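Trainee: Okay, so here is start.pdb, and as you'll see once you scroll down, it has PDB, C-alpha atoms and all ligand atoms.
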ATOM      1  CA  MET E  27      22.382 -81.613 256.518
ATOM      2  CA  GLY E  28      22.692 -84.413 258.989
ATOM      3  CA  THR E  29      19.051 -85.369 258.767
ATOM      4  CA  ASN E  30      18.258 -88.917 259.599
ATOM      5  CA  THR E  31      17.028 -90.880 256.617
ATOM      6  CA  THR E  32      15.507 -93.810 258.421
ATOM      7  CA  ASP E  33      13.856 -92.708 261.628
ATOM      8  CA  THR E  34      10.628 -90.852 262.002
ATOM      9  CA  ILE E  35      10.946 -88.238 264.687
ATOM     10  CA  THR E  36       7.934 -87.219 266.690
ATOM     11  CA  ILE E  37       7.593 -83.670 267.908
ATOM     12  CA  MET E  38       5.292 -83.201 270.842
ATOM     13  CA  SER E  39       3.621 -79.865 271.267
ATOM     14  CA  MET E  40       0.873 -78.545 273.506
ATOM     15  CA  ASP E  41      -2.005 -80.726 272.456
ATOM     16  CA  THR E  42      -0.895 -82.555 269.377
ATOM     17  CA  SER E  43       1.990 -84.539 268.019
ATOM     18  CA  ILE E  44       3.318 -83.891 264.581
ATOM     19  CA  LYS E  45       5.596 -86.437 263.031
ATOM     20  CA  VAL E  46       8.333 -85.386 260.673
ATOM     21  CA  GLU E  47       7.744 -88.054 258.044
ATOM     22  CA  LEU E  48       9.728 -86.282 255.341
ATOM     23  CA  THR E  49      13.466 -85.938 255.015
ATOM     24  CA  ALA E  50      14.919 -82.705 253.717
ATOM     25  CA  PRO E  51      16.947 -83.609 250.622
ATOM     26  CA  ASP E  52      20.610 -82.766 250.189
ATOM     27  CA  ILE E  53      20.534 -79.936 247.640
ATOM     28  CA  SER E  54      24.257 -79.105 247.697
ATOM     29  CA  ALA E  55      24.692 -80.442 244.156
ATOM     30  CA  TYR E  56      22.349 -77.713 242.878
ATOM     31  CA  ARG E  57      24.167 -74.808 244.460
ATOM     32  CA  ALA E  58      26.232 -73.714 241.455
ATOM     33  CA  GLY E  59      23.348 -73.893 239.001
ATOM     34  CA  ASN E  60      23.820 -72.071 235.700
ATOM     35  CA  THR E  61      21.951 -68.805 236.191
ATOM     36  CA  GLY E  62      24.453 -66.859 238.263
ATOM     37  CA  ILE E  63      22.038 -67.217 241.180
ATOM     38  CA  ASP E  64      22.875 -69.954 243.680
ATOM     39  CA  TYR E  65      20.454 -72.901 243.636
ATOM     40  CA  PHE E  66      18.716 -71.858 240.423
ATOM     41  CA  THR E  67      19.173 -73.855 237.216
ATOM     42  CA  THR E  68      17.563 -73.099 233.864
ATOM     43  CA  PHE E  69      17.079 -75.708 231.147
ATOM     44  CA  ASP E  70      16.501 -74.073 227.756
ATOM     45  CA  SER E  71      14.914 -76.195 225.045
ATOM     46  CA  GLY E  72      16.116 -73.752 222.390
ATOM     47  CA  LYS E  73      12.556 -73.643 221.074
ATOM     48  CA  PRO E  74       9.961 -70.917 221.558
ATOM     49  CA  GLY E  75       7.775 -71.177 224.605
ATOM     50  CA  PRO E  76       7.229 -69.777 228.053
ATOM     51  CA  HIS E  77       9.723 -69.608 230.891
ATOM     52  CA  VAL E  78       8.417 -71.771 233.739
ATOM     53  CA  LEU E  79       9.756 -71.758 237.292
ATOM     54  CA  ILE E  80       9.149 -74.506 239.816
ATOM     55  CA  ASN E  81      10.188 -72.948 243.109
ATOM     56  CA  ALA E  82      10.739 -74.629 246.479
ATOM     57  CA  VAL E  83      11.439 -73.498 250.056
ATOM     58  CA  THR E  84      10.142 -69.964 249.913
ATOM     59  CA  HIS E  85       9.704 -70.927 253.555
ATOM     60  CA  GLY E  86      12.689 -72.877 254.839
ATOM     61  CA  ASN E  87      10.852 -75.595 256.748
ATOM     62  CA  GLU E  88       8.375 -76.456 253.976
ATOM     63  CA  ILE E  89      10.312 -79.350 252.585
ATOM     64  CA  CYS E  90       7.776 -81.056 250.307
ATOM     65  CA  GLY E  91       8.687 -78.616 247.521
ATOM     66  CA  ALA E  92      12.386 -79.318 247.924
ATOM     67  CA  ILE E  93      11.652 -83.038 247.622
ATOM     68  CA  ALA E  94       9.691 -82.479 244.402
ATOM     69  CA  VAL E  95      12.331 -80.250 242.815
ATOM     70  CA  ASP E  96      15.086 -82.681 243.823
ATOM     71  CA  ARG E  97      13.117 -85.478 242.115
ATOM     72  CA  LEU E  98      12.755 -83.412 238.927
ATOM     73  CA  PHE E  99      16.518 -82.843 238.858
ATOM     74  CA  LYS E 100      17.252 -86.508 239.511
ATOM     75  CA  MET E 101      14.944 -87.735 236.765
ATOM     76  CA  GLY E 102      16.699 -85.419 234.332
ATOM     77  CA  LEU E 103      13.592 -83.563 233.245
ATOM     78  CA  ARG E 104      14.144 -81.217 230.308
ATOM     79  CA  PRO E 105      11.613 -78.968 228.563
ATOM     80  CA  THR E 106      10.578 -79.788 225.006
ATOM     81  CA  SER E 107       9.776 -76.122 224.363
ATOM     82  CA  GLY E 108      10.450 -72.898 226.213
ATOM     83  CA  LYS E 109      12.539 -72.846 229.372
ATOM     84  CA  LEU E 110      12.278 -74.640 232.695
ATOM     85  CA  THR E 111      13.935 -73.262 235.808
ATOM     86  CA  LEU E 112      14.181 -75.303 238.989
ATOM     87  CA  GLY E 113      15.106 -73.499 242.163
ATOM     88  CA  PHE E 114      15.258 -73.251 245.922
ATOM     89  CA  ALA E 115      14.497 -69.806 247.318
ATOM     90  CA  ASN E 116      15.195 -69.399 251.036
ATOM     91  CA  VAL E 117      18.155 -71.753 251.202
ATOM     92  CA  ASP E 118      19.669 -70.000 254.218
ATOM     93  CA  ALA E 119      16.600 -70.967 256.223
ATOM     94  CA  PHE E 120      16.246 -74.409 254.628
ATOM     95  CA  LEU E 121      19.836 -75.386 255.430
ATOM     96  CA  ARG E 122      19.122 -74.729 259.092
ATOM     97  CA  PHE E 123      16.206 -77.198 259.056
ATOM     98  CA  ASP E 124      16.413 -79.424 262.092
ATOM     99  CA  PRO E 125      13.832 -82.202 262.400
ATOM    100  CA  GLU E 126      14.016 -81.848 266.168
ATOM    101  CA  GLU E 127      13.090 -78.162 265.980
ATOM    102  CA  PRO E 128      11.225 -78.002 262.699
ATOM    103  CA  HIS E 129       9.207 -74.867 263.429
ATOM    104  CA  LYS E 130      12.238 -72.630 263.784
ATOM    105  CA  THR E 131      13.378 -72.435 260.178
ATOM    106  CA  ARG E 132      10.503 -70.743 258.333
ATOM    107  CA  PHE E 133      12.881 -67.834 257.722
ATOM    108  CA  VAL E 134      16.081 -66.302 259.093
ATOM    109  CA  ASP E 135      15.285 -62.583 259.512
ATOM    110  CA  GLU E 136      11.847 -62.065 258.002
ATOM    111  CA  ASP E 137       9.241 -63.736 255.823
ATOM    112  CA  PHE E 138      10.706 -64.081 252.311
ATOM    113  CA  ASN E 139       7.161 -64.093 250.945
ATOM    114  CA  ARG E 140       6.272 -60.595 252.159
ATOM    115  CA  VAL E 141       8.942 -58.499 250.420
ATOM    116  CA  TRP E 142       7.843 -58.647 246.781
ATOM    117  CA  THR E 143       7.131 -55.063 245.842
ATOM    118  CA  PRO E 144       9.477 -52.811 243.850
ATOM    119  CA  GLU E 145       9.446 -50.362 246.769
ATOM    120  CA  THR E 146      10.661 -52.949 249.261
ATOM    121  CA  LEU E 147      13.127 -54.568 246.873
ATOM    122  CA  ASP E 148      14.531 -51.185 245.815
ATOM    123  CA  GLY E 149      14.501 -49.861 249.378
ATOM    124  CA  LEU E 150      17.303 -49.442 251.861
ATOM    125  CA  ARG E 151      16.277 -52.090 254.352
ATOM    126  CA  ASP E 152      18.495 -55.179 254.638
ATOM    127  CA  SER E 153      17.881 -58.770 255.717
ATOM    128  CA  VAL E 154      18.918 -62.284 254.720
ATOM    129  CA  GLU E 155      15.602 -62.668 252.892
ATOM    130  CA  LEU E 156      15.776 -59.283 251.148
ATOM    131  CA  ARG E 157      19.265 -60.061 249.883
ATOM    132  CA  ARG E 158      18.031 -63.350 248.503
ATOM    133  CA  ALA E 159      14.946 -61.805 246.913
ATOM    134  CA  ARG E 160      17.072 -59.070 245.333
ATOM    135  CA  SER E 161      19.444 -61.664 243.881
ATOM    136  CA  MET E 162      16.529 -63.670 242.447
ATOM    137  CA  ARG E 163      14.599 -60.692 241.116
ATOM    138  CA  PRO E 164      16.219 -60.486 237.627
ATOM    139  CA  LEU E 165      15.301 -64.137 237.088
ATOM    140  CA  ILE E 166      11.784 -63.764 238.474
ATOM    141  CA  ASP E 167      11.293 -60.826 236.083
ATOM    142  CA  THR E 168      11.729 -63.254 233.145
ATOM    143  CA  VAL E 169       9.358 -65.964 234.435
ATOM    144  CA  ASP E 170       6.027 -66.393 232.654
ATOM    145  CA  PHE E 171       4.547 -69.125 234.869
ATOM    146  CA  LEU E 172       5.513 -69.649 238.497
ATOM    147  CA  LEU E 173       4.603 -72.557 240.734
ATOM    148  CA  ASP E 174       5.602 -71.766 244.312
ATOM    149  CA  ILE E 175       5.381 -74.869 246.510
ATOM    150  CA  HIS E 176       4.430 -74.487 250.162
ATOM    151  CA  SER E 177       3.007 -76.421 253.072
ATOM    152  CA  MET E 178       1.196 -75.552 256.288
ATOM    153  CA  HIS E 179       1.902 -75.470 260.017
ATOM    154  CA  ASP E 180      -1.235 -77.282 261.163
ATOM    155  CA  PRO E 181      -2.793 -80.398 259.651
ATOM    156  CA  HIS E 182      -4.919 -79.064 256.782
ATOM    157  CA  GLY E 183      -6.127 -80.289 253.419
ATOM    158  CA  PRO E 184      -4.265 -78.910 250.403
ATOM    159  CA  VAL E 185      -5.321 -75.595 248.872
ATOM    160  CA  MET E 186      -4.254 -73.733 245.758
ATOM    161  CA  ILE E 187      -3.736 -70.055 246.470
ATOM    162  CA  CYS E 188      -4.362 -68.310 243.167
ATOM    163  CA  GLY E 189      -4.474 -64.635 244.134
ATOM    164  CA  PRO E 190      -7.236 -62.113 243.499
ATOM    165  CA  LEU E 191      -7.423 -62.298 239.704
ATOM    166  CA  GLU E 192      -9.629 -64.347 237.392
ATOM    167  CA  LYS E 193      -6.545 -65.489 235.471
ATOM    168  CA  GLY E 194      -5.269 -67.161 238.627
ATOM    169  CA  ILE E 195      -8.560 -68.960 239.179
ATOM    170  CA  ARG E 196      -8.576 -70.136 235.551
ATOM    171  CA  PHE E 197      -5.036 -71.484 235.856
ATOM    172  CA  ALA E 198      -5.864 -73.321 239.086
ATOM    173  CA  ARG E 199      -8.896 -74.885 237.414
ATOM    174  CA  LYS E 200      -6.719 -76.114 234.552
ATOM    175  CA  VAL E 201      -4.274 -77.671 236.989
ATOM    176  CA  GLY E 202      -7.322 -79.494 238.364
ATOM    177  CA  ILE E 203      -6.182 -80.178 241.934
ATOM    178  CA  PRO E 204      -6.646 -79.712 244.809
ATOM    179  CA  GLU E 205     -10.351 -79.596 245.642
ATOM    180  CA  PHE E 206     -10.162 -76.107 247.167
ATOM    181  CA  ILE E 207      -8.989 -73.130 245.082
ATOM    182  CA  VAL E 208      -8.536 -70.094 247.290
ATOM    183  CA  SER E 209      -8.722 -66.651 245.696
ATOM    184  CA  ASP E 210      -7.351 -63.957 247.981
ATOM    185  CA  LYS E 211      -5.663 -60.598 248.090
ATOM    186  CA  GLY E 212      -2.654 -61.750 250.055
ATOM    187  CA  HIS E 213      -1.558 -60.400 253.403
ATOM    188  CA  ALA E 214      -1.628 -56.907 254.852
ATOM    189  CA  ASN E 215       1.948 -57.165 256.086
ATOM    190  CA  GLY E 216       3.645 -57.566 252.708
ATOM    191  CA  THR E 217       3.461 -58.881 249.160
ATOM    192  CA  ARG E 218       4.028 -62.481 248.105
ATOM    193  CA  MET E 219       6.213 -63.522 245.177
ATOM    194  CA  ARG E 220       3.091 -64.923 243.498
ATOM    195  CA  ASP E 221       1.591 -61.398 243.430
ATOM    196  CA  TYR E 222       4.756 -59.676 242.187
ATOM    197  CA  GLY E 223       4.972 -57.765 238.911
ATOM    198  CA  GLY E 224       3.153 -59.321 235.979
ATOM    199  CA  PHE E 225       1.756 -62.141 238.121
ATOM    200  CA  GLY E 226      -0.441 -59.573 239.838
ATOM    201  CA  ASP E 227      -1.289 -57.571 236.714
ATOM    202  CA  PRO E 228      -4.579 -58.552 235.079
ATOM    203  CA  ALA E 229      -3.297 -57.260 231.722
ATOM    204  CA  SER E 230      -0.174 -59.460 231.782
ATOM    205  CA  PRO E 231      -0.147 -63.014 230.368
ATOM    206  CA  LYS E 232       2.124 -64.031 233.249
ATOM    207  CA  ASN E 233       0.561 -66.211 235.908
ATOM    208  CA  ALA E 234       1.486 -67.759 239.246
ATOM    209  CA  LEU E 235       0.096 -70.287 241.678
ATOM    210  CA  LEU E 236       1.011 -70.960 245.285
ATOM    211  CA  ALA E 237       0.335 -74.553 246.260
ATOM    212  CA  GLU E 238      -0.220 -75.300 249.946
ATOM    213  CA  CYS E 239       0.285 -79.059 249.804
ATOM    214  CA  GLY E 240      -0.614 -80.148 253.341
ATOM    215  CA  GLN E 241       1.040 -80.218 256.740
ATOM    216  CA  HIS E 242       4.757 -79.393 256.488
ATOM    217  CA  TRP E 243       6.187 -82.795 257.223
ATOM    218  CA  GLU E 244       3.591 -85.336 256.209
ATOM    219  CA  GLN E 245       4.135 -87.740 253.351
ATOM    220  CA  ALA E 246       0.815 -86.680 251.855
ATOM    221  CA  ALA E 247       2.219 -83.185 251.288
ATOM    222  CA  ALA E 248       5.101 -84.593 249.241
ATOM    223  CA  ASP E 249       2.682 -86.673 247.178
ATOM    224  CA  GLU E 250       0.455 -83.639 246.610
ATOM    225  CA  ALA E 251       3.456 -81.511 245.604
ATOM    226  CA  TRP E 252       4.497 -84.067 243.001
ATOM    227  CA  GLN E 253       1.016 -84.251 241.484
ATOM    228  CA  THR E 254       0.742 -80.468 241.472
ATOM    229  CA  VAL E 255       4.102 -80.057 239.758
ATOM    230  CA  TRP E 256       3.171 -82.394 236.936
ATOM    231  CA  ARG E 257      -0.292 -81.002 236.400
ATOM    232  CA  PHE E 258       1.191 -77.488 236.386
ATOM    233  CA  LEU E 259       3.906 -78.479 233.916
ATOM    234  CA  ARG E 260       1.324 -80.162 231.688
ATOM    235  CA  GLU E 261      -0.688 -76.940 231.491
ATOM    236  CA  THR E 262       2.338 -74.829 230.606
ATOM    237  CA  GLY E 263       2.953 -77.076 227.587
ATOM    238  CA  ILE E 264       6.747 -77.093 227.988
ATOM    239  CA  VAL E 265       7.191 -80.775 228.845
ATOM    240  CA  ASP E 266       6.493 -83.979 227.000
ATOM    241  CA  GLN E 267       2.777 -84.516 227.461
ATOM    242  CA  THR E 268       3.047 -88.324 227.536
ATOM    243  CA  LEU E 269       5.633 -88.088 230.290
ATOM    244  CA  ALA E 270       3.415 -85.702 232.240
ATOM    245  CA  GLU E 271       0.400 -87.980 231.896
ATOM    246  CA  SER E 272       2.455 -90.929 233.113
ATOM    247  CA  GLN E 273       3.039 -89.131 236.424
ATOM    248  CA  ILE E 274      -0.474 -87.826 236.996
ATOM    249  CA  THR E 275      -3.144 -89.660 238.947
ATOM    250  CA  PRO E 276      -6.851 -88.795 238.646
ATOM    251  CA  ALA E 277      -8.247 -85.918 240.693
ATOM    252  CA  GLN E 278     -10.219 -87.074 243.725
ATOM    253  CA  ALA E 279     -12.855 -84.331 243.882
ATOM    254  CA  ALA E 280     -14.493 -81.596 241.832
ATOM    255  CA  GLN E 281     -12.875 -78.252 242.517
ATOM    256  CA  LYS E 282     -14.470 -75.459 244.525
ATOM    257  CA  VAL E 283     -13.461 -71.813 244.253
ATOM    258  CA  VAL E 284     -13.394 -70.006 247.571
ATOM    259  CA  LYS E 285     -13.114 -66.217 247.622
ATOM    260  CA  VAL E 286     -11.555 -65.008 250.843
ATOM    261  CA  THR E 287     -13.617 -62.212 252.366
ATOM    262  CA  ASP E 288     -12.288 -61.644 255.865
ATOM    263  CA  ALA E 289      -9.561 -62.342 258.343
ATOM    264  CA  LEU E 290     -11.278 -62.859 261.682
ATOM    265  CA  ILE E 291      -9.169 -61.300 264.413
ATOM    266  CA  ALA E 292      -9.246 -62.771 267.905
ATOM    267  CA  ASN E 293     -10.163 -60.326 270.653
ATOM    268  CA  SER E 294      -9.157 -62.606 273.496
ATOM    269  CA  LEU E 295      -7.016 -65.557 274.491
ATOM    270  CA  ASP E 296     -10.267 -67.405 275.125
ATOM    271  CA  TYR E 297     -11.048 -68.038 271.451
ATOM    272  CA  ARG E 298     -12.743 -71.408 271.079
ATOM    273  CA  PHE E 299     -13.676 -72.856 267.722
ATOM    274  CA  THR E 300     -16.874 -74.863 267.567
ATOM    275  CA  PRO E 301     -15.871 -78.467 268.295
ATOM    276  CA  GLY E 302     -15.380 -80.513 265.148
ATOM    277  CA  LEU E 303     -14.477 -77.587 262.914
ATOM    278  CA  HIS E 304     -11.132 -77.639 261.160
ATOM    279  CA  GLY E 305      -9.410 -76.215 258.105
ATOM    280  CA  LEU E 306     -11.700 -76.382 255.032
ATOM    281  CA  SER E 307     -14.789 -77.018 257.132
ATOM    282  CA  VAL E 308     -17.780 -75.584 255.258
ATOM    283  CA  LEU E 309     -20.487 -73.870 257.347
ATOM    284  CA  PRO E 310     -23.562 -74.238 255.170
ATOM    285  CA  ARG E 311     -25.754 -71.461 256.560
ATOM    286  CA  LYS E 312     -25.338 -67.788 257.411
ATOM    287  CA  GLY E 313     -25.342 -67.558 261.203
ATOM    288  CA  ASP E 314     -23.704 -70.942 261.779
ATOM    289  CA  LEU E 315     -21.393 -70.773 264.771
ATOM    290  CA  ILE E 316     -17.662 -70.567 264.005
ATOM    291  CA  ALA E 317     -16.339 -69.872 267.485
ATOM    292  CA  HIS E 318     -16.796 -68.158 270.804
ATOM    293  CA  ASP E 319     -14.409 -65.277 271.513
ATOM    294  CA  ALA E 320     -14.490 -64.597 275.256
ATOM    295  CA  GLY E 321     -17.983 -66.001 275.163
ATOM    296  CA  VAL E 322     -19.115 -63.811 272.266
ATOM    297  CA  PRO E 323     -20.438 -65.872 269.344
ATOM    298  CA  VAL E 324     -18.561 -65.553 266.048
ATOM    299  CA  VAL E 325     -20.855 -66.602 263.197
ATOM    300  CA  ALA E 326     -20.671 -67.233 259.469
ATOM    301  CA  PRO E 327     -21.666 -64.007 257.656
ATOM    302  CA  TYR E 328     -23.004 -65.895 254.605
ATOM    303  CA  ASP E 329     -23.923 -69.360 253.343
ATOM    304  CA  ASN E 330     -21.171 -71.819 252.345
ATOM    305  CA  CYS E 331     -18.534 -70.195 254.528
ATOM    306  CA  VAL E 332     -15.173 -71.993 254.449
ATOM    307  CA  LEU E 333     -12.547 -71.870 257.212
ATOM    308  CA  ILE E 334      -9.064 -71.414 255.798
ATOM    309  CA  MET E 335      -6.071 -72.281 257.957
ATOM    310  CA  PRO E 336      -7.673 -71.693 261.356
ATOM    311  CA  THR E 337      -5.292 -71.196 264.248
ATOM    312  CA  LEU E 338      -6.654 -74.039 266.326
ATOM    313  CA  ARG E 339      -3.925 -73.669 268.923
ATOM    314  CA  HIS E 340      -2.297 -70.614 270.450
ATOM    315  CA  VAL E 341      -4.753 -67.990 269.198
ATOM    316  CA  LYS E 342      -3.456 -64.565 270.165
ATOM    317  CA  PRO E 343      -5.542 -61.417 270.709
ATOM    318  CA  GLY E 344      -5.117 -58.980 267.844
ATOM    319  CA  LEU E 345      -3.998 -61.659 265.425
ATOM    320  CA  THR E 346      -5.913 -63.604 262.811
ATOM    321  CA  ALA E 347      -7.758 -66.595 264.233
ATOM    322  CA  VAL E 348      -8.974 -67.772 260.832
ATOM    323  CA  ARG E 349      -9.534 -66.496 257.326
ATOM    324  CA  ILE E 350     -12.966 -67.155 255.901
ATOM    325  CA  GLY E 351     -14.187 -67.328 252.330
ATOM    326  CA  GLN E 352     -17.299 -68.087 250.361
ATOM    327  CA  ILE E 353     -17.659 -70.865 247.837
ATOM    328  CA  VAL E 354     -18.417 -69.093 244.563
ATOM    329  CA  GLY E 355     -18.028 -71.799 241.992
ATOM    330  CA  GLN E 356     -17.827 -75.541 241.618
ATOM    331  CA  ILE E 357     -16.609 -77.401 238.577
ATOM    332  CA  VAL E 358     -18.321 -80.681 237.878
ATOM    333  CA  GLY E 359     -16.121 -83.618 236.904
TER
HETATM  334 ZN    ZN E 401       4.846 -71.276 253.036
END
Can you dump the structure from the file as structure tokens?
Mentor:
Amino acid sequence: MGTNTTDTITIMSMDTSIKVELTAPDISAYRAGNTGIDYFTTFDSGKPGPHVLINAVTHGNEICGAIAVDRLFKMGLRPTSGKLTLGFANVDAFLRFDPEEPHKTRFVDEDFNRVWTPETLDGLRDSVELRRARSMRPLIDTVDFLLDIHSMHDPHGPVMICGPLEKGIRFARKVGIPEFIVSDKGHANGTRMRDYGGFGDPASPKNALLAECGQHWEQAAADEAWQTVWRFLRETGIVDQTLAESQITPAQAAQKVVKVTDALIANSLDYRFTPGLHGLSVLPRKGDLIAHDAGVPVVAPYDNCVLIMPTLRHVKPGLTAVRIGQIVGQIVG
């Protein structure tokens, strides 16, 4: 891919500089795979157990997942029960990753993570991402537990997106990191892979987690992805537990469950967050000031209001400035 393995490249933007500390791995060796779907490989233990998928690059420029999956391949990980599939989703976008223009390769035609309904997948529309999703769908239909590894545009602490269901929250608690578990209904403009089919059915034993590991290109995101992978694998029971434990470091904080309640839409270009607030800031009291929107105060509608992925730069009228949620549960220890 022609990425430089030694230099750190600094990208300057409006009011911040984001370093690309991570190097996108060469995944060409995984193209053939053994599933009939490019870049997907299944290891079958031959013993009963669930089918687990560790999935990277649902968004092409979120490379921490690709680094983790590449490491799992290189260490020769095999399941001791059930099946383990390792894969790279939006490879067309990923292969265009350019550390000098890292924002441009989230997708090619459309967001791969907004097409996961039977209606869209069975529909007549065509795009690079829809073709890829359609090719992956038969495999996804056989997956019991999905870990979809992501990262975020702006600097932000890691969050586990577990969907709207209690089973997702329970799974995220078992994984045990990160501190913030975010329960949400997804996005109005399409359905995520983690909400597809049985993952989004409360009656199904299938389950999925979407790990947002940190800022796209920071080393900390790669470290978080690796810890998340091993904690996830440990909970599925398909890998050697001693091996899993050898990779896992202790959790740093008790987990908090945040239920997303609203997407706050900006009404103006003059949307100013209260100085000092950032992603995962907790506003302790109802009425605490989140922002001014053209001078109009925007306040927390309840106690313990958490800001999730605020758009601290380039807020646009009519678009989400920040999602907010309420802390509903904390696990001690
Ligand atoms: Zn993503």
Trainee: Once the PyMOL selection byres (((not hetatm)) within 6 of (chain E and resi 401)) has been evaluated on this model, what residues remain selected, and can you format them as a list in words?
Mentor: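 That selection, the PyMOL selection byres (((not hetatm)) within 6 of (chain E and resi 401)), comes back as His85, His176 and Ser177 of chain E.
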Trainee: Could you tell me how far atom CA of Leu110 of chain E lies from atom CA of Val78 of chain E, in Å and to one decimal?
Mentor: 4.9 Å
Trainee: Report as a ChimeraX atom specification the residues that result from applying the PyMOL selection byres (((chain E and resi 144) around 10) and not hetatm) to the structure here.
Mentor: /E:141-143,145-149,160,163,222-223
Trainee: With distances taken over only C-alpha atoms, which of E:Asp118, E:Leu290, E:Glu250, E:Asp314 is nearest to Gln273 of chain E?
Mentor: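 Ranking E:Asp118, E:Leu290, E:Glu250, E:Asp314 by distance to Gln273 of chain E, first place goes to E:Glu250.
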Trainee: Extract, using only C-alpha atoms, all DNA, RNA and protein residues at most 12 Å from Phe123 of chain E, discarding same-chain residues fewer than 5 positions from it, and format them as a PyMOL selection string.
Mentor: chain E and resi 27-30+46+48-52+83+85-89+92+116-118+128-134+242-243
Trainee: Just write the chosen residues, C-alpha atoms, as a PDB file, in the coordinates of the input.
Mentor:
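New file part_5.pdb:
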ATOM      1  CA  MET E  27      22.382 -81.613 256.518  1.00  0.00           C
ATOM      2  CA  GLY E  28      22.692 -84.413 258.989  1.00  0.00           C
ATOM      3  CA  THR E  29      19.051 -85.369 258.767  1.00  0.00           C
ATOM      4  CA  ASN E  30      18.258 -88.917 259.599  1.00  0.00           C
ATOM      5  CA  VAL E  46       8.333 -85.386 260.673  1.00  0.00           C
ATOM      6  CA  LEU E  48       9.728 -86.282 255.341  1.00  0.00           C
ATOM      7  CA  THR E  49      13.466 -85.938 255.015  1.00  0.00           C
ATOM      8  CA  ALA E  50      14.919 -82.705 253.717  1.00  0.00           C
ATOM      9  CA  PRO E  51      16.947 -83.609 250.622  1.00  0.00           C
ATOM     10  CA  ASP E  52      20.610 -82.766 250.189  1.00  0.00           C
ATOM     11  CA  VAL E  83      11.439 -73.498 250.056  1.00  0.00           C
ATOM     12  CA  HIS E  85       9.704 -70.927 253.555  1.00  0.00           C
ATOM     13  CA  GLY E  86      12.689 -72.877 254.839  1.00  0.00           C
ATOM     14  CA  ASN E  87      10.852 -75.595 256.748  1.00  0.00           C
ATOM     15  CA  GLU E  88       8.375 -76.456 253.976  1.00  0.00           C
ATOM     16  CA  ILE E  89      10.312 -79.350 252.585  1.00  0.00           C
ATOM     17  CA  ALA E  92      12.386 -79.318 247.924  1.00  0.00           C
ATOM     18  CA  ASN E 116      15.195 -69.399 251.036  1.00  0.00           C
ATOM     19  CA  VAL E 117      18.155 -71.753 251.202  1.00  0.00           C
ATOM     20  CA  ASP E 118      19.669 -70.000 254.218  1.00  0.00           C
ATOM     21  CA  PRO E 128      11.225 -78.002 262.699  1.00  0.00           C
ATOM     22  CA  HIS E 129       9.207 -74.867 263.429  1.00  0.00           C
ATOM     23  CA  LYS E 130      12.238 -72.630 263.784  1.00  0.00           C
ATOM     24  CA  THR E 131      13.378 -72.435 260.178  1.00  0.00           C
ATOM     25  CA  ARG E 132      10.503 -70.743 258.333  1.00  0.00           C
ATOM     26  CA  PHE E 133      12.881 -67.834 257.722  1.00  0.00           C
ATOM     27  CA  VAL E 134      16.081 -66.302 259.093  1.00  0.00           C
ATOM     28  CA  HIS E 242       4.757 -79.393 256.488  1.00  0.00           C
ATOM     29  CA  TRP E 243       6.187 -82.795 257.223  1.00  0.00           C
TER      30      TRP E 243
END
Trainee: Rounded to one decimal, what separation in Å do you get between atom CA of Pro301 of chain E and atom CA of Lys342 of chain E?
Mentor: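 Atom CA of Lys342 of chain E lies 18.7 Å from atom CA of Pro301 of chain E.
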Trainee: Where does the PyMOL selection byres (((chain E and resi 171) around 7) and not hetatm) land in this file, that is, which residues does it pick, as a PDB file with C-alpha atoms, keeping the file's coordinate frame?
Mentor:
ATOM      1  CA  HIS E  77       9.723 -69.608 230.891  1.00  0.00           C
ATOM      2  CA  VAL E  78       8.417 -71.771 233.739  1.00  0.00           C
ATOM      3  CA  LEU E  79       9.756 -71.758 237.292  1.00  0.00           C
ATOM      4  CA  VAL E 169       9.358 -65.964 234.435  1.00  0.00           C
ATOM      5  CA  ASP E 170       6.027 -66.393 232.654  1.00  0.00           C
ATOM      6  CA  LEU E 172       5.513 -69.649 238.497  1.00  0.00           C
ATOM      7  CA  LEU E 173       4.603 -72.557 240.734  1.00  0.00           C
ATOM      8  CA  LYS E 232       2.124 -64.031 233.249  1.00  0.00           C
ATOM      9  CA  ASN E 233       0.561 -66.211 235.908  1.00  0.00           C
ATOM     10  CA  ALA E 234       1.486 -67.759 239.246  1.00  0.00           C
TER      11      ALA E 234
END
Trainee: Hey, what's within 7 Å of segment 59-74 of chain E if we count all atoms listed in the file and toss same-chain stuff fewer than 6 positions away? As a PyMOL selection string, please?
Mentor: chain E and resi 104-114+161-162
Trainee: Find the residues around Val201 of chain E up to 12 Å (all atoms listed in the file counted), leave out those fewer than 2 positions away in its own chain, and share them as an MDAnalysis selection string.
Mentor: chainID E and resid 173 186 188 194:199 203:207 234:237 253:263 274 276:277 280:281
Trainee: Rounded to one decimal place, report the atom CA of Val332 of chain E-atom CA of Val284 of chain E distance in Å.
Mentor: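 A separation of 7.4 Å between them.
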Trainee: Which residues come within 7 Å of Asp329 of chain E, counting all atoms listed in the file, excluding same-chain residues fewer than 2 positions away, as a tab-separated table (two decimals) with C-alpha atoms, in the coordinates of the input?
Mentor:
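The result, stored in result_2.tsv:
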chain	number	residue	atom	x	y	z
E	309	LEU	CA	-20.49	-73.87	257.35
E	310	PRO	CA	-23.56	-74.24	255.17
E	311	ARG	CA	-25.75	-71.46	256.56
E	312	LYS	CA	-25.34	-67.79	257.41
E	331	CYS	CA	-18.53	-70.19	254.53
Trainee: Counting all atoms listed in the file, which residue out of E:Thr168, E:Thr287, E:Pro228, E:Gly212 sits closest to Leu191 of chain E?
Mentor: E:Pro228
Trainee: Select, from E:Cys239, E:Arg97, E:His304, E:Asp249, the residue with the minimum atom-to-atom distance to Arg339 of chain E, counting only C-alpha atoms.
Mentor: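 Closest candidate: E:His304.
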